[in-house]
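Presented below is the structure to which this report refers.
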Amino acid sequence: MNSYSHQALQKHGGIFGNIIFDLILIGFVVSLVMSPFWFDINDILYQFSGLQNYISRNFIPSSLYDYWLIIPLGIIGIWRWTVWFIKKIVSTFYYPITPESSNGISKATDAPTVSVIIPVYNEDRKIFRRSLESWWKNKPAEIIAIIDKSDTGCVAEFKEFQQGKSNLRLIVTSKPGKRAALADGISESKGQILALTDSDTMWDSNFLENALRPLQVDPKIGGVTPRFHPIERRTIWQKMTDIFWDMRNYLDMPAQTAGGKALSCLSGKTALYRREILLPKMNLFLNEFILGRKKESGEDKCFTRLIQQEGWKTYYQSSAVIYSSASPEFDQFIRQRIRWARNSHNSDFQSLWSGWVWKCPYLAFSMIDRFISVFTLLLGPVFLSIAIIENHWGLAISIIILWLVGRTVKIFPHLRRNPIDLFILPVYLGVSFLMALTRLYALVTIRDQHIIRGFRKVKASRIKKIKDYFLTIEMIAGIFIFALALR
């Protein structure tokens with residue numbers, strides 16, 4: 001935890017600030033995009049007619065048929081880099097709200113009261129205790145833990161920590177589902193601001209002070225989400241999670257905040273809301289139906305949508321830092337990613353269909369691009385496979401080089417934090433395509449539910465799983481056939 005707490009905050013002061021190195025790399029990437037083969041530097045630099053020979057050799061092939069893959073690859077590459085560049089440009093206008101920008105708000109007179117609400121189920125006692133200590137050190141008005149009755153270890157841990165502290169409250173529940181636990185905690189809370197947090201999430205020492213600033217400065221802001229990092233980075237899957245979270249921390253959330261103060265999700269790891277907004281919405285929250293099925297998971301997506309569709313703004317506060325558990329094993333990592341992708345599909349479709357999101361053009365753009373990227377990411381490995389099958393080894397090597405250079409550019413903010421992760425770049429490249437596959441599977445199984453806590457767990461039958469796998473394979477085969485049809 002301490003390894004992150006003193007890191008300098010990323011500043012987004014302008015296009016010629018943090019992204020200057022990225023722009024240099026982009027120039028290099030563009031040179032690769034323009035050529036199907038690695039160019040001959042000697043020809044270009046040392047021969048008078050070298051550039052002319054280079055262009056004629058690479059852009060005017062004798063048989064265009066042999067290079068048909070260049071056209072769809074170029075279109076996909078242009079689209080993906082255009083989207084990334086738009087995000088990068090917009091994110092340069094983001095800034096966290098600091099004491100200087102908040103006009104010297106007096107903490108003694110203006111700080112609202114905060115209720116921390118934690119649903120707990122089957123949590124490791126040591127992790128729960130460390131989290132309790134981190135919340136307590138931030139001095140909220142009250143801490144309410146809603147613990148499942150079967151989790152006797154965490155009940156005992158909370159009671160021990162509760163001794164001598166009058167503002168800690170325990171609710172032992174038999175209700176299944178995380179939503180019911182959150183609803184009980186919200187209804188029992190007294191604070192003006194609700195900090196909904198997971199039981200395995202630790203707060204930085206000055207988290208609450210920083211996280212409250214957007215809510216104090218702008219009365220139109222209804223919710224705030226922080227920056228987060230993994231507590232541990234021991235396994236390759238925790239390191240992959242760290243990279244993906246940093247894509248959120250340093251690109252997606254800053255861009256969405258600067259692009260209209262409308263975020264795709266106030267993360268369930270920790271998010272702050274105005275109590276006056278959430279309390280009247282408990283019935284909608286507990287009875288959310290999407291695609292004809294009652295939702296159990298995706299509670300953070302639901303809260304985010306409920307407040308934004310009424311016109312409330314949301315804000316990403318990068319100076320407020322938390323640390324959360326990342327899945328250490330492959331199967332946990334994949335199941336978590338499928339669940340998150342399924343919730344994103346559900347929420348995005350609901351938002352686009354209901355129409356409110358069109359009033360937030362940048363957020364609507366982000367949702368549409370997230371859906372399209374499921375297929376554009378899968379097309380990349382398909383075209384690479386075709387290039388190998390047709391013995392276009394130069395093209396295949398160029399594609400791989402483009403991917404590696406491109407991923408280096410896109411995760412550069414993360415590499416500044418963890419330079420050693422440059423050596424696992426090939427692994428990240430493969431995992432990024434695997435994520436496209438999980439998002440496709442999540443789309444196939446979009447109506448499935450995953451209940452994190454409680455006893456109403458419903459396992460899919462073996463026949464249904466086979467059908468889901470078969471349909472996913474059919475869609476991948478369809479993408480492959482589409483790619484061949486372009487020939």
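FYI, nothing fancy with the structure tokens labels: chains A, B, ... in order, residues from 1 per chain, ligands from 1 as they appear.
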Hey, what's within 12 Å of Cys265 of chain A if we count only C-alpha atoms and toss same-chain stuff fewer than 6 positions away? As a VMD selection string, please? chain A and resid 223 to 226 248 252 to 253 256 to 257 271 to 272 298 to 308 314 to 316 340 343 to 344 347 to 348 351 363 366 to 367
Return as a PyMOL selection string the full set of residues in segment 54-245 of chain A whose backbone-based DSSP assignment is helix (DSSP H, G or I). chain A and resi 54-59+64-67+70-91+107-110+125-137+152-162+178-188+207-217+236-245
Give me the residues near Pro426 of chain A as a PyMOL selection string, where near means some atom within 10 Å (using only C-alpha atoms) and where sequence neighbours in that chain fewer than 5 positions away do not count. chain A and resi 400+403-404+407+431-432
Within 9 Å of segment 198-207 of chain A using only C-alpha atoms, minus same-chain residues under 5 positions, as an MDAnalysis selection string: chainID A and resid 1:2 5 117:121 123:124 127:128 130:135 137:138 145 212 226 231 268:270 319:325
Please produce a file of the residues just selected, as a compact mmCIF listing (two decimals), in the first residue's frame, where the atoms kept are N, CA and C atoms.
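The new file selection-v3.txt reads:
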```txt
# COMPACT_ATOMS: atom_id res chain seq x y z
N MET A 1 0.83 -1.21 0.00
CA MET A 1 0.00 0.00 0.00
C MET A 1 0.86 1.26 0.00
N ASN A 2 1.91 1.26 0.85
CA ASN A 2 2.75 2.44 0.94
C ASN A 2 3.51 2.72 -0.34
N SER A 5 1.27 5.19 -2.19
CA SER A 5 0.65 6.35 -1.56
C SER A 5 1.44 7.63 -1.77
N ILE A 117 -20.53 2.50 4.06
CA ILE A 117 -21.42 1.34 4.03
C ILE A 117 -20.70 0.18 3.35
N ILE A 118 -20.59 -0.95 4.07
CA ILE A 118 -19.81 -2.08 3.57
C ILE A 118 -20.64 -3.37 3.62
N PRO A 119 -21.02 -3.93 2.48
CA PRO A 119 -21.60 -5.27 2.48
C PRO A 119 -20.47 -6.30 2.57
N VAL A 120 -20.62 -7.29 3.46
CA VAL A 120 -19.55 -8.25 3.71
C VAL A 120 -20.09 -9.67 3.56
N TYR A 121 -19.37 -10.46 2.77
CA TYR A 121 -19.74 -11.87 2.62
C TYR A 121 -18.49 -12.69 2.34
N GLU A 123 -15.51 -12.90 3.56
CA GLU A 123 -14.27 -12.14 3.39
C GLU A 123 -13.18 -12.69 4.30
N ASP A 124 -11.94 -12.57 3.86
CA ASP A 124 -10.80 -12.94 4.68
C ASP A 124 -10.71 -11.97 5.88
N ILE A 127 -7.84 -9.31 5.81
CA ILE A 127 -8.08 -8.24 4.83
C ILE A 127 -9.17 -7.31 5.33
N PHE A 128 -10.23 -7.88 5.90
CA PHE A 128 -11.32 -7.07 6.42
C PHE A 128 -10.84 -6.16 7.55
N ARG A 130 -7.74 -4.99 8.03
CA ARG A 130 -6.92 -3.91 7.46
C ARG A 130 -7.79 -2.84 6.80
N SER A 131 -8.84 -3.30 6.14
CA SER A 131 -9.75 -2.35 5.50
C SER A 131 -10.48 -1.51 6.55
N LEU A 132 -10.94 -2.14 7.61
CA LEU A 132 -11.61 -1.42 8.69
C LEU A 132 -10.71 -0.32 9.25
N GLU A 133 -9.47 -0.65 9.48
CA GLU A 133 -8.53 0.33 10.03
C GLU A 133 -8.34 1.51 9.07
N SER A 134 -8.29 1.22 7.76
CA SER A 134 -8.09 2.31 6.79
C SER A 134 -9.31 3.21 6.73
N TRP A 135 -10.51 2.65 6.83
CA TRP A 135 -11.73 3.49 6.83
C TRP A 135 -11.79 4.34 8.09
N LYS A 137 -9.38 5.44 9.98
CA LYS A 137 -8.38 6.51 9.99
C LYS A 137 -8.82 7.73 9.18
N ASN A 138 -9.77 7.55 8.27
CA ASN A 138 -10.26 8.68 7.48
C ASN A 138 -11.35 9.47 8.20
N ALA A 145 -21.43 -1.85 8.72
CA ALA A 145 -21.10 -3.11 8.05
C ALA A 145 -22.32 -4.01 8.04
N LEU A 212 -14.03 14.03 -1.23
CA LEU A 212 -15.18 14.90 -0.96
C LEU A 212 -15.13 16.22 -1.73
N PRO A 226 -12.88 7.09 -7.30
CA PRO A 226 -11.47 7.38 -7.06
C PRO A 226 -10.55 6.63 -8.04
N ILE A 231 -3.81 -4.18 -4.31
CA ILE A 231 -3.06 -4.25 -3.06
C ILE A 231 -1.77 -5.03 -3.27
N GLY A 268 -17.79 -0.01 -7.87
CA GLY A 268 -18.26 -0.58 -6.62
C GLY A 268 -17.17 -0.79 -5.59
N LYS A 269 -15.90 -0.69 -6.00
CA LYS A 269 -14.82 -0.82 -5.01
C LYS A 269 -14.94 0.28 -3.98
N THR A 270 -15.20 1.49 -4.44
CA THR A 270 -15.57 2.61 -3.56
C THR A 270 -16.15 3.71 -4.43
N SER A 319 -6.86 12.21 -7.23
CA SER A 319 -6.09 12.41 -6.01
C SER A 319 -6.61 11.58 -4.84
N ALA A 320 -7.79 10.99 -4.99
CA ALA A 320 -8.35 10.08 -3.98
C ALA A 320 -7.99 8.65 -4.38
N VAL A 321 -7.18 7.98 -3.58
CA VAL A 321 -6.59 6.70 -3.97
C VAL A 321 -7.03 5.59 -3.02
N ILE A 322 -7.39 4.45 -3.62
CA ILE A 322 -7.73 3.26 -2.85
C ILE A 322 -6.94 2.08 -3.40
N TYR A 323 -6.94 0.98 -2.62
CA TYR A 323 -6.24 -0.24 -3.02
C TYR A 323 -7.18 -1.41 -2.80
N SER A 324 -7.32 -2.23 -3.82
CA SER A 324 -8.30 -3.30 -3.76
C SER A 324 -7.66 -4.62 -4.18
N SER A 325 -8.27 -5.71 -3.77
CA SER A 325 -7.74 -7.04 -4.12
C SER A 325 -7.94 -7.31 -5.60
```
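Here atom CA of Glu276 of chain A stands at a distance of 22.1 Å from atom CA of Val357 of chain A.
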Write down as a list in words the residues belonging to segment 249-388 of chain A that are assigned strand (DSSP E or B) by DSSP computed on the backbone. Thr270, Ala271, Leu272, Tyr273, Arg274, Phe289, Ile290, Arg293, Lys294, Lys313, Thr314, Tyr315, Tyr316, Gln317, Ser318, Ser319, Ala320, Val321, Ile322, Tyr323 and Ser324 of chain A
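Between Ile171 of chain A and the residues A:Glu188, A:Glu296, A:Glu329, A:Glu157, the shortest atom-to-atom distance, using only C-alpha atoms, involves A:Glu188.
Considering only C-alpha atoms, the residue among A:Thr472, A:Thr197, A:Ser398, A:Thr438 positioned nearest to Ser115 of chain A is A:Thr197.
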What's the 9 Å shell around Thr241 of chain A, counting only C-alpha atoms, without same-chain residues fewer than 5 positions away, as a ChimeraX atom specification? /A:229-230,233,236,246,326-327,333
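In terms of minimum interatomic distance to Ala211 of chain A, A:Gln317 ranks closest within A:Glu310, A:Gln317, A:Leu291, A:Ser150, counting only C-alpha atoms.
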